[in-house]
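Listing of upload14.cif, mmCIF, C-alpha atoms
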data_work
loop_
_atom_site.label_atom_id
_atom_site.label_comp_id
_atom_site.auth_asym_id
_atom_site.auth_seq_id
_atom_site.Cartn_x
_atom_site.Cartn_y
_atom_site.Cartn_z
CA MET A 1 117.86 108.93 91.35
CA PRO A 2 116.28 105.46 91.10
CA ALA A 3 112.64 104.76 90.30
CA GLU A 4 110.58 101.62 89.77
CA PHE A 5 107.26 100.62 88.28
CA LYS A 6 105.55 97.32 87.48
CA ARG A 7 103.56 95.94 84.59
CA ARG A 8 99.85 95.19 84.61
CA GLY A 9 100.57 91.49 84.91
CA HIS A 10 102.88 91.76 87.92
CA PRO A 11 101.16 89.87 90.78
CA ASP A 12 101.00 92.91 93.10
CA ARG A 13 99.54 95.10 90.39
CA LEU A 14 97.19 92.29 89.38
CA ALA A 15 95.93 92.13 92.98
CA ASP A 16 95.34 95.89 92.81
CA SER A 17 93.41 95.45 89.57
CA VAL A 18 91.20 92.82 91.17
CA ALA A 19 90.54 95.09 94.17
CA SER A 20 89.73 98.08 91.94
CA ALA A 21 87.51 95.96 89.69
CA ALA A 22 85.68 94.66 92.76
CA GLY A 23 85.06 98.26 93.84
CA SER A 24 83.84 99.20 90.37
CA THR A 25 81.48 96.22 90.38
CA LEU A 26 79.96 97.29 93.69
CA LEU A 27 79.53 100.92 92.61
CA LYS A 28 77.61 99.78 89.53
CA LEU A 29 75.10 98.11 91.86
CA ASP A 30 75.14 100.90 94.48
CA PRO A 31 76.72 104.27 93.53
CA ASN A 32 76.80 105.27 97.21
CA ALA A 33 78.53 102.10 98.42
CA ARG A 34 81.47 102.22 100.79
CA PHE A 35 84.16 99.58 100.67
CA ASP A 36 87.58 98.57 101.87
CA ILE A 37 88.65 95.56 99.81
CA GLN A 38 91.86 93.55 100.23
CA VAL A 39 93.11 90.95 97.74
CA THR A 40 95.74 88.20 97.62
CA VAL A 41 96.47 86.30 94.38
CA HIS A 42 98.36 83.03 94.74
CA PHE A 43 99.00 79.59 93.30
CA GLY A 44 99.36 76.58 95.58
CA PRO A 45 97.55 74.11 97.83
CA VAL A 46 95.08 75.30 100.45
CA HIS A 47 94.66 73.70 103.87
CA MET A 48 92.39 75.15 106.53
CA ARG A 49 92.34 73.85 110.08
CA ASN A 50 91.08 75.31 113.32
CA GLY A 51 92.33 74.61 116.83
CA ARG A 52 89.97 71.64 117.16
CA GLY A 53 91.48 69.88 114.16
CA ASP A 54 88.51 70.50 111.86
CA VAL A 55 89.43 70.71 108.18
CA PRO A 56 86.63 72.59 106.40
CA ILE A 57 88.62 73.16 103.17
CA SER A 58 91.50 71.36 101.52
CA LEU A 59 92.53 72.03 97.92
CA LYS A 60 95.28 70.62 95.78
CA GLU A 61 97.64 73.03 94.06
CA SER A 62 95.33 75.60 92.46
CA PRO A 63 95.11 79.25 91.41
CA ILE A 64 93.53 81.16 94.28
CA VAL A 65 92.20 84.66 94.78
CA PHE A 66 91.32 85.57 98.35
CA ILE A 67 89.18 88.71 98.41
CA CYS A 68 87.90 90.13 101.64
CA GLY A 69 87.00 93.34 103.41
CA GLN A 70 84.26 95.56 104.73
CA LEU A 71 81.25 96.76 102.75
CA GLY A 72 78.63 99.39 103.46
CA THR A 73 76.01 98.95 100.77
CA SER A 74 72.33 98.49 99.98
CA ALA A 75 73.22 96.17 97.07
CA ASP A 76 72.10 92.57 97.21
CA ARG A 77 75.07 90.76 98.76
CA ALA A 78 74.53 87.46 96.91
CA LEU A 79 74.29 89.27 93.57
CA TYR A 80 77.45 91.25 94.31
CA GLU A 81 79.43 88.15 95.28
CA GLN A 82 78.34 86.48 92.06
CA LYS A 83 79.39 89.49 89.98
CA VAL A 84 82.66 89.96 91.83
CA GLU A 85 83.72 86.42 90.85
CA THR A 86 83.20 87.39 87.22
CA SER A 87 85.22 90.60 87.73
CA VAL A 88 88.12 88.56 89.19
CA ARG A 89 88.34 86.31 86.14
CA GLU A 90 87.98 89.29 83.80
CA ALA A 91 90.85 91.04 85.60
CA PHE A 92 93.16 88.08 84.88
CA LEU A 93 92.02 87.90 81.26
CA SER A 94 92.40 91.65 80.74
CA VAL A 95 96.12 91.58 81.54
CA GLY A 96 96.69 88.52 79.36
CA TYR A 97 96.80 85.50 81.66
CA ASN A 98 95.52 82.25 80.17
CA SER A 99 96.23 78.53 80.10
CA GLY A 100 99.13 79.14 77.71
CA ASN A 101 101.22 81.24 80.10
CA THR A 102 99.88 80.46 83.60
CA PHE A 103 96.40 78.97 83.99
CA ASP A 104 92.85 79.28 82.72
CA PRO A 105 91.10 82.04 84.75
CA ASN A 106 88.04 79.78 84.92
CA ASP A 107 90.12 77.46 87.13
CA ILE A 108 90.64 80.16 89.78
CA HIS A 109 89.14 79.40 93.18
CA VAL A 110 87.71 82.73 94.36
CA ILE A 111 87.45 82.78 98.16
CA LYS A 112 85.25 85.65 99.36
CA SER A 113 84.84 86.95 102.89
CA PHE A 114 83.03 90.25 103.40
CA ASN A 115 81.54 91.74 106.52
CA ASN A 116 79.72 95.00 107.16
CA GLN A 117 81.39 98.34 107.68
CA SER A 118 81.72 99.07 111.38
CA PRO A 119 78.75 101.09 112.67
CA ASN A 120 81.25 103.14 114.70
CA ILE A 121 83.03 104.22 111.51
CA ALA A 122 79.71 104.85 109.76
CA ALA A 123 78.60 107.05 112.67
CA GLY A 124 81.81 109.08 112.38
CA ILE A 125 81.14 109.68 108.69
CA ASP A 126 77.37 110.23 108.80
CA ARG A 127 77.07 112.79 111.56
CA LYS A 128 73.42 113.80 111.84
CA GLY A 129 72.85 117.46 111.07
CA ALA A 130 76.54 118.08 110.31
CA ALA A 131 79.05 117.77 107.49
CA HIS A 132 80.35 114.29 106.81
CA GLY A 133 83.46 113.23 108.70
CA ALA A 134 86.53 111.45 107.37
CA GLY A 135 86.19 107.69 106.96
CA ASP A 136 89.73 107.08 108.19
CA ALA A 137 92.80 108.81 109.59
CA THR A 138 95.54 109.49 107.08
CA ILE A 139 98.80 111.21 106.22
CA SER A 140 98.69 111.60 102.44
CA ILE A 141 101.58 112.96 100.35
CA ALA A 142 101.66 113.58 96.60
CA TYR A 143 103.89 115.57 94.31
CA ALA A 144 103.98 117.05 90.80
CA SER A 145 106.85 118.27 88.65
CA SER A 146 107.21 120.47 85.58
CA GLN A 147 110.01 118.23 84.25
CA THR A 148 107.66 116.15 82.08
CA SER A 149 104.33 116.49 80.30
CA ASN A 150 102.58 114.14 82.72
CA HIS A 151 103.78 116.15 85.74
CA LEU A 152 106.26 113.54 86.99
CA ASN A 153 109.96 113.82 87.69
CA ALA A 154 112.14 112.30 84.97
CA SER A 155 112.96 109.10 86.92
CA HIS A 156 109.32 108.34 87.70
CA ALA A 157 108.21 109.20 84.16
CA LEU A 158 110.86 106.91 82.62
CA ALA A 159 110.02 103.90 84.82
CA LEU A 160 106.31 104.35 84.11
CA ALA A 161 106.80 104.77 80.35
CA VAL A 162 108.96 101.66 79.98
CA ASN A 163 106.27 99.55 81.63
CA GLN A 164 103.50 101.17 79.58
CA ARG A 165 105.36 100.37 76.36
CA LEU A 166 105.99 96.79 77.47
CA ASP A 167 102.28 96.36 78.19
CA ALA A 168 101.37 97.85 74.80
CA ALA A 169 103.88 95.55 73.04
CA PHE A 170 102.35 92.53 74.76
CA GLU A 171 98.79 93.66 74.02
CA TYR A 172 99.51 94.15 70.30
CA GLY A 173 101.89 91.20 69.95
CA SER A 174 104.74 93.31 68.59
CA ILE A 175 107.49 91.46 70.50
CA ASN A 176 107.62 87.73 69.89
CA GLY A 177 107.46 85.71 73.12
CA LEU A 178 106.68 88.60 75.50
CA GLN A 179 104.34 87.61 78.36
CA PRO A 180 102.35 89.67 80.95
CA ASP A 181 104.61 89.78 84.02
CA GLY A 182 107.50 92.15 84.60
CA LYS A 183 108.80 95.45 85.91
CA ALA A 184 111.43 98.08 85.28
CA GLN A 185 113.89 99.92 87.50
CA VAL A 186 115.76 102.99 86.26
CA GLU A 187 118.54 105.23 87.52
CA VAL A 188 118.50 108.82 86.24
CA GLY A 189 121.23 111.35 87.01
CA PHE A 190 120.35 114.93 87.93
CA CYS A 191 122.36 118.13 88.20
CA GLY A 192 121.50 118.44 91.88
CA ARG A 193 118.70 119.03 94.38
CA GLU A 194 116.81 122.11 95.51
CA ASN A 195 114.50 121.97 98.52
CA HIS A 196 114.61 118.15 98.33
CA PHE A 197 113.52 118.09 94.65
CA PRO A 198 115.79 116.61 91.93
CA VAL A 199 116.78 119.30 89.43
CA GLY A 200 118.07 119.16 85.85
CA PRO A 201 117.65 115.57 84.59
CA LYS A 202 120.72 114.52 82.57
CA MET A 203 120.57 110.88 81.50
CA ALA A 204 119.62 107.37 82.55
CA SER A 205 122.72 105.47 83.58
CA ASP A 206 120.82 102.18 84.01
CA VAL A 207 117.52 100.65 82.89
CA ILE A 208 116.90 97.20 84.37
CA VAL A 209 113.96 95.28 82.91
CA ALA A 210 112.42 92.01 84.03
CA ALA A 211 110.22 90.76 81.18
CA GLN A 212 108.47 87.41 81.26
CA HIS A 213 108.80 85.43 78.04
CA SER A 214 107.44 82.22 76.61
CA GLN A 215 109.23 78.88 76.59
CA GLY A 216 111.43 78.57 73.53
CA ALA A 217 111.62 82.28 72.72
CA ASP A 218 114.89 83.20 71.01
CA ARG A 219 116.76 84.90 73.84
CA ASN A 220 119.04 87.08 71.74
CA SER A 221 116.19 88.30 69.55
CA PHE A 222 113.98 88.88 72.59
CA ILE A 223 116.62 90.93 74.42
CA LYS A 224 117.31 93.04 71.32
CA SER A 225 113.58 93.77 70.92
CA ILE A 226 113.23 94.86 74.55
CA LYS A 227 116.34 97.07 74.30
CA ASP A 228 114.93 98.71 71.17
CA LEU A 229 111.66 99.30 73.03
CA VAL A 230 113.51 100.92 75.94
CA ARG A 231 115.36 103.26 73.58
CA SER A 232 112.06 104.22 71.91
CA VAL A 233 110.80 105.63 75.21
CA ASN A 234 112.78 108.81 74.45
CA GLU A 235 109.90 109.66 72.11
CA VAL A 236 107.41 110.09 74.95
CA ILE A 237 109.47 111.54 77.81
CA VAL A 238 109.01 115.21 76.98
CA THR A 239 108.69 118.52 78.79
CA PRO A 240 105.29 120.27 78.99
CA ALA A 241 106.41 122.25 75.93
CA GLY A 242 107.04 119.00 74.01
CA LYS A 243 110.87 118.98 74.10
CA ARG A 244 112.42 115.53 74.40
CA LEU A 245 114.60 114.89 77.45
CA ASN A 246 116.50 112.10 75.63
CA LEU A 247 117.29 110.27 78.85
CA ILE A 248 118.36 107.05 77.10
CA LYS A 249 121.85 107.58 75.67
CA ASN A 250 124.21 105.24 73.83
CA SER A 251 126.06 104.81 77.12
CA THR A 252 122.93 103.81 79.08
CA ASP A 253 123.32 100.28 80.44
CA ILE A 254 120.13 98.39 79.52
CA ILE A 255 119.87 95.05 81.32
CA ILE A 256 117.15 92.56 80.31
CA ASP A 257 116.34 89.57 82.52
CA GLY A 258 119.71 89.73 84.21
CA ALA A 259 119.06 86.58 86.25
CA GLY A 260 118.43 84.48 83.14
CA ASP A 261 115.21 82.99 81.80
CA PHE A 262 111.94 84.47 83.07
CA ILE A 263 109.40 81.88 81.88
CA ILE A 264 107.36 81.16 85.00
CA GLY A 265 105.56 84.33 86.03
CA GLY A 266 102.41 85.81 87.48
CA PRO A 267 100.87 84.31 90.63
CA VAL A 268 102.48 80.94 89.84
CA ALA A 269 105.87 82.47 90.61
CA ASP A 270 105.00 85.17 93.14
CA THR A 271 102.13 85.93 95.52
CA GLY A 272 100.49 89.27 94.84
CA VAL A 273 99.00 91.44 97.57
CA SER A 274 96.93 94.56 97.01
CA GLY A 275 98.34 97.82 98.35
CA ARG A 276 102.03 97.02 97.91
CA MET A 277 102.18 99.18 94.77
CA ASP A 278 100.96 102.40 96.44
CA SER A 279 104.32 104.17 96.72
CA LEU A 280 105.12 103.25 93.11
CA TYR A 281 101.83 104.66 91.81
CA VAL A 282 102.38 107.93 93.66
CA SER A 283 106.06 108.59 92.98
CA GLY A 284 107.79 105.54 91.51
CA ALA A 285 109.44 105.28 94.95
CA THR A 286 111.29 108.55 94.28
CA ARG A 287 109.72 110.56 97.10
CA THR A 288 108.36 110.28 100.63
CA TYR A 289 105.14 108.31 100.82
CA GLY A 290 102.56 108.80 103.57
CA GLY A 291 100.43 106.13 105.19
CA GLY A 292 97.13 104.40 104.68
CA LEU A 293 96.00 102.43 101.67
CA LEU A 294 95.13 103.75 98.21
CA VAL A 295 93.82 100.67 96.42
CA GLY A 296 90.42 99.02 96.91
CA ARG A 297 88.84 101.85 98.89
CA ASP A 298 85.99 104.23 98.15
CA VAL A 299 86.32 108.00 98.19
CA THR A 300 84.99 108.43 101.75
CA LYS A 301 88.30 106.90 102.86
CA THR A 302 90.58 109.91 103.17
CA ASP A 303 93.58 107.77 102.20
CA VAL A 304 92.11 107.93 98.70
CA SER A 305 90.48 111.38 98.60
CA CYS A 306 93.38 113.21 100.30
CA LEU A 307 96.10 111.63 98.18
CA LEU A 308 94.31 112.29 94.89
CA SER A 309 93.41 115.81 96.04
CA ALA A 310 97.05 116.41 97.00
CA ARG A 311 98.14 115.27 93.55
CA CYS A 312 95.54 117.54 91.95
CA ILE A 313 96.72 120.55 93.98
CA ALA A 314 100.37 119.84 93.17
CA ILE A 315 99.55 119.73 89.44
CA HIS A 316 97.85 123.13 89.73
CA LEU A 317 100.93 124.54 91.47
CA VAL A 318 103.34 123.39 88.73
CA ASN A 319 101.04 124.88 86.12
CA GLY A 320 103.01 128.15 86.08
CA LEU A 321 103.39 128.85 89.82
CA ALA A 322 106.21 126.47 90.78
CA LYS A 323 108.72 124.12 89.18
CA ASP A 324 108.02 121.32 91.67
CA ALA A 325 105.51 120.91 94.48
CA GLN A 326 104.71 118.45 97.24
CA VAL A 327 101.44 118.53 99.15
CA LYS A 328 100.83 116.75 102.45
CA ILE A 329 97.30 116.52 103.88
CA THR A 330 96.59 114.94 107.27
CA TYR A 331 93.22 113.92 108.68
CA ALA A 332 91.80 112.43 111.86
CA ILE A 333 89.04 109.83 111.53
CA GLY A 334 85.60 111.39 111.77
CA ALA A 335 86.99 114.93 111.33
CA PRO A 336 85.13 117.33 108.97
CA ALA A 337 88.33 119.11 107.88
CA PRO A 338 92.07 118.42 107.60
CA GLU A 339 94.32 118.56 110.62
CA SER A 340 97.01 120.16 108.46
CA VAL A 341 97.91 121.08 104.90
CA ILE A 342 101.67 121.31 104.30
CA ILE A 343 103.24 122.62 101.10
CA THR A 344 106.83 122.26 99.91
CA ALA A 345 107.67 123.99 96.63
CA ARG A 346 110.59 124.88 94.38
CA GLY A 347 110.91 127.72 91.89
CA CYS A 348 108.00 129.76 93.20
CA LYS A 349 107.96 133.49 94.01
CA TYR A 350 105.36 132.97 96.72
CA SER A 351 106.28 131.64 100.14
CA GLU A 352 105.10 128.22 101.19
CA GLN A 353 102.97 129.92 103.85
CA GLN A 354 101.24 132.01 101.19
CA LEU A 355 100.72 128.95 99.00
CA SER A 356 99.19 126.94 101.86
CA SER A 357 96.84 129.73 102.81
CA ALA A 358 95.68 130.34 99.22
CA ILE A 359 95.22 126.60 98.55
CA CYS A 360 92.98 126.18 101.58
CA ARG A 361 90.80 129.02 100.30
CA THR A 362 90.71 127.68 96.74
CA PHE A 363 90.17 123.94 97.20
CA ASP A 364 87.42 122.48 99.38
CA LEU A 365 89.31 119.83 101.34
CA SER A 366 86.38 118.71 103.48
CA PRO A 367 85.37 115.05 102.92
CA ASP A 368 82.26 116.14 101.01
CA GLY A 369 84.24 118.70 99.00
CA MET A 370 86.92 116.22 97.95
CA LYS A 371 84.31 113.61 97.06
CA LYS A 372 82.51 116.13 94.83
CA ASN A 373 85.68 117.44 93.19
CA LEU A 374 87.14 114.00 92.48
CA GLY A 375 83.83 112.61 91.23
CA LEU A 376 84.99 108.98 91.52
CA LYS A 377 82.51 106.62 89.88
CA ALA A 378 82.51 102.99 88.78
CA LYS A 379 84.20 103.85 85.46
CA ASP A 380 87.06 105.54 87.33
CA PHE A 381 87.85 102.44 89.37
CA ALA A 382 87.71 100.32 86.20
CA SER A 383 90.20 102.69 84.54
CA ILE A 384 92.41 102.67 87.66
CA ALA A 385 92.46 98.86 87.52
CA ARG A 386 93.92 99.05 84.02
CA ASN A 387 96.06 102.20 84.08
CA GLY A 388 96.92 103.06 87.69
CA PHE A 389 96.40 106.36 89.49
CA ILE A 390 99.11 108.90 88.67
CA GLY A 391 100.69 110.17 85.45
CA VAL A 392 97.80 108.82 83.40
CA GLU A 393 96.23 110.77 80.56
CA ALA A 394 92.75 111.84 81.66
CA ASN A 395 90.21 110.39 79.22
CA GLY A 396 86.80 110.56 80.85
CA SER A 397 88.32 109.63 84.21
CA HIS A 398 91.31 110.60 86.38
CA ARG A 399 89.93 114.10 86.99
CA TRP A 400 92.73 114.75 89.48
CA GLU A 401 95.24 114.62 86.61
CA THR A 402 93.69 117.67 84.91
CA VAL A 403 94.08 121.42 85.48
CA ASP A 404 90.95 123.46 86.19
CA GLU A 405 91.71 126.91 84.73
CA GLU A 406 89.00 128.48 86.88
CA LYS A 407 90.71 127.10 89.99
CA VAL A 408 94.04 128.49 88.75
CA GLY A 409 92.47 131.93 88.45
CA ILE A 410 90.99 131.77 91.95
CA LEU A 411 94.31 130.57 93.39
CA LEU A 412 96.18 133.44 91.74
CA ARG A 413 93.69 136.01 93.05
CA HIS A 414 94.15 134.73 96.60
CA LEU A 415 97.93 134.81 96.23
CA LYS A 416 97.95 138.34 94.82
CA ARG A 417 95.81 139.60 97.65
CA GLY A 418 98.57 138.47 99.97
CA LEU A 419 96.23 136.91 102.51
CA SER A 420 97.88 136.32 105.87
CA ILE A 421 98.40 132.83 107.18
CA GLY A 422 95.32 131.73 109.10
CA VAL A 423 92.42 129.34 109.20
CA PRO A 424 89.81 129.99 106.50
CA SER A 425 86.18 129.26 107.17
CA GLY A 426 85.74 125.52 106.68
CA PRO A 427 88.99 123.67 106.06
CA PRO A 428 91.38 123.32 107.72
CA ARG A 429 91.22 123.59 111.49
CA LYS A 430 95.02 123.81 111.71
CA LEU A 431 97.41 125.07 109.09
CA LYS A 432 101.06 124.08 109.15
CA VAL A 433 103.86 124.84 106.76
CA THR A 434 107.40 123.60 106.39
CA ARG A 435 110.49 124.86 104.62
#

Do you think you could lay out the structure here as structure tokens?
Amino acid sequence: MPAEFKRRGHPDRLADSVASAAGSTLLKLDPNARFDIQVTVHFGPVHMRNGRGDVPISLKESPIVFICGQLGTSADRALYEQKVETSVREAFLSVGYNSGNTFDPNDIHVIKSFNNQSPNIAAGIDRKGAAHGAGDATISIAYASSQTSNHLNASHALALAVNQRLDAAFEYGSINGLQPDGKAQVEVGFCGRENHFPVGPKMASDVIVAAQHSQGADRNSFIKSIKDLVRSVNEVIVTPAGKRLNLIKNSTDIIIDGAGDFIIGGPVADTGVSGRMDSLYVSGATRTYGGGLLVGRDVTKTDVSCLLSARCIAIHLVNGLAKDAQVKITYAIGAPAPESVIITARGCKYSEQQLSSAICRTFDLSPDGMKKNLGLKAKDFASIARNGFIGVEANGSHRWETVDEEKVGILLRHLKRGLSIGVPSGPPRKLKVTR
């Protein structure tokens, strides 16, 4: 089963980092702010012209960040726009871009265009005298697996770990010539599938790495160093009990920069757009991905709160109840509760109907409940900008990646009582299950 992930310096992930940093910057000024921020990072000339032939802006070839979106905030707009420019440049510096490998971040032209959150959307969220409604419609899907210690299937875990080690090697300068851009694609064989989940990881047949390098780097030495790094990933791909999966074998085909030199990278080589990484964050492209947008949005947007809540629930399910679990949560805009909560599980003695019913009684999936449980603050968005969303060790953030033992106890009590399928008080209004 193939999986893919990208490094911090990949243009799409860089755009996500800028969007997340922009959200963090706003929350520092206004902890109750709402935002939907979109980012494009690019290098090239800029020409603007309207239908009357007016040319308000024309730039020669330059590094450009276009950041736009909707804001609902009491923060001073001029102060925020000043601070967001600083956060853009810091995002480029933090992943290692400079005049030596792309351009000086101080040369970036930051083009900003923000308007106010629609009053119609705000009215759907802030319903007078009633619980808050959802800030957007969504179909959110997340999974968890007991195959690895970070609750990912083996393919996803391997792709993520290779990129994490490449980023660490660049940060600490342990591989001569390594630069910020790159990605990895892996192919892991499994014994089979059960209920659509891959079962019994065997080995990685292929690991394909694109790693940007500096001009003049010794190609043979560079390739050997990257191959050694890939093989070292066996140290960190372990089961929850700490047993190594040893996915990289002597027969694994490790391909480094198969197209030849990879010197020109980052936004100079490729335009980055925020939101294109979402399916990779959630599953490494190994599973079905829902809709909506995960990056650059505050927690009132159910794209964010539902997906992270679904991941949190799935992690609780694979903590002794199931081998693998997928959780799908759907919402209508303005609704105070989910339209449906759908569970698919493997290796569980309880039916999926029983699991769905018990989950809805254990986890508050109302917009207010998810916001409280996730507790997303400015520091969380800053950490997301650096580390991503899923499979990340919780260290003062990423609460959805942790197991709440009290919640586990409550969930077990509901399951043991054998509650019938139905609609609990509060969420959700409809309950659906699939097999």

note - CA of Thr330 in chain A and CA of Gly275 in chain A are separated by 19.4 Å

Please identify all polymer residues within 8 Å of Pro336 in chain A, counting all atoms listed in the file, omitting same-chain residues fewer than 4 positions from it, and present them as JSON, numbers by chain.
{"A": [131, 132, 133, 134, 366, 367, 427]}

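Of the residues listed (A:Phe363, A:Phe43, A:Tyr172, A:Tyr350), A:Phe43 shows the shortest atom-to-atom separation from Ile108 in chain A; distances use all atoms listed in the file.
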
Give me the residues within 9 Å of Ser87 in chain A as a list in words, counting only C-alpha atoms and dropping any in the same chain fewer than 2 places off.
Val18, Ala21, Ala22, Thr25, Lys83, Val84, Glu85, Arg89, Glu90, Ala91 and Phe92 of chain A

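Here CA of Ala75 in chain A is placed at a distance of 22.1 Å from CA of Ser383 in chain A.
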
Resolved residues for the PyMOL selection byres ((chain A and resi 399) around 10) as number ranges by chain:
A: 308-309, 312, 373-376, 380, 393-398, 400-404

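Nearest to Cys360 in chain A of all the residues A:Ala15, A:Ile175, A:Ala345, A:Ile410 is A:Ile410, based on only C-alpha atoms.
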
Please identify all polymer residues within 7 Å of range 257-269 of chain A, counting all atoms listed in the file, omitting same-chain residues fewer than 2 positions from it, and present them as a PyMOL selection string.
chain A and resi 9-11+41-43+102+181+209-215+255+271-272

Expressed in Å, the length from CA of Gly409 in chain A to CA of Ser283 in chain A is 27.4 Å

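Among the candidates A:Gly296, A:Pro240, A:Pro2, A:Gly189, the one nearest to Leu27 in chain A when counting all atoms listed in the file is A:Gly296.
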
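The residue that comes closest to Tyr289 in chain A, out of A:Asn50, A:Ser140, A:Ser146, A:Ser305 and on the basis of only C-alpha atoms, is A:Ser140.
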
Looking at all atoms listed in the file, which of A:Lys224, A:Arg13, A:Lys407, A:Arg49 is the one that sits closest to Ile315 in chain A?
A:Lys407

Of A:Asn32, A:Ser99, A:Ser356, A:Ser62, the one sitting nearest Ala314 in chain A when using only C-alpha atoms is A:Ser356

Evaluate the PyMOL selection byres ((chain A and resi 321) around 9) on the structure here and hand back the selected residues as a ChimeraX atom specification.
/A:316-320,322-323,347-350,412

Just the residues within 9 Å of Lys249 in chain A, please, counting all atoms listed in the file, with nothing from its chain fewer than 3 positions along; format it as a PyMOL selection string.
chain A and resi 203-205+231+246+252-253

Would you save the residues of that selection, restricted to C-alpha atoms, as a PDB file, in the coordinates of the input?
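result.pdb was written with the following content:
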ATOM      1  CA  MET A 203     120.570 110.880  81.500  1.00  0.00           C
ATOM      2  CA  ALA A 204     119.620 107.370  82.550  1.00  0.00           C
ATOM      3  CA  SER A 205     122.720 105.470  83.580  1.00  0.00           C
ATOM      4  CA  ARG A 231     115.360 103.260  73.580  1.00  0.00           C
ATOM      5  CA  ASN A 246     116.500 112.100  75.630  1.00  0.00           C
ATOM      6  CA  THR A 252     122.930 103.810  79.080  1.00  0.00           C
ATOM      7  CA  ASP A 253     123.320 100.280  80.440  1.00  0.00           C
TER       8      ASP A 253
END

Using all atoms listed in the file, which residues sit within 12 Å of Asn120 in chain A once same-chain residues fewer than 6 positions away are excluded, as number ranges by chain?
A: 126-127, 133, 135-136, 333-334
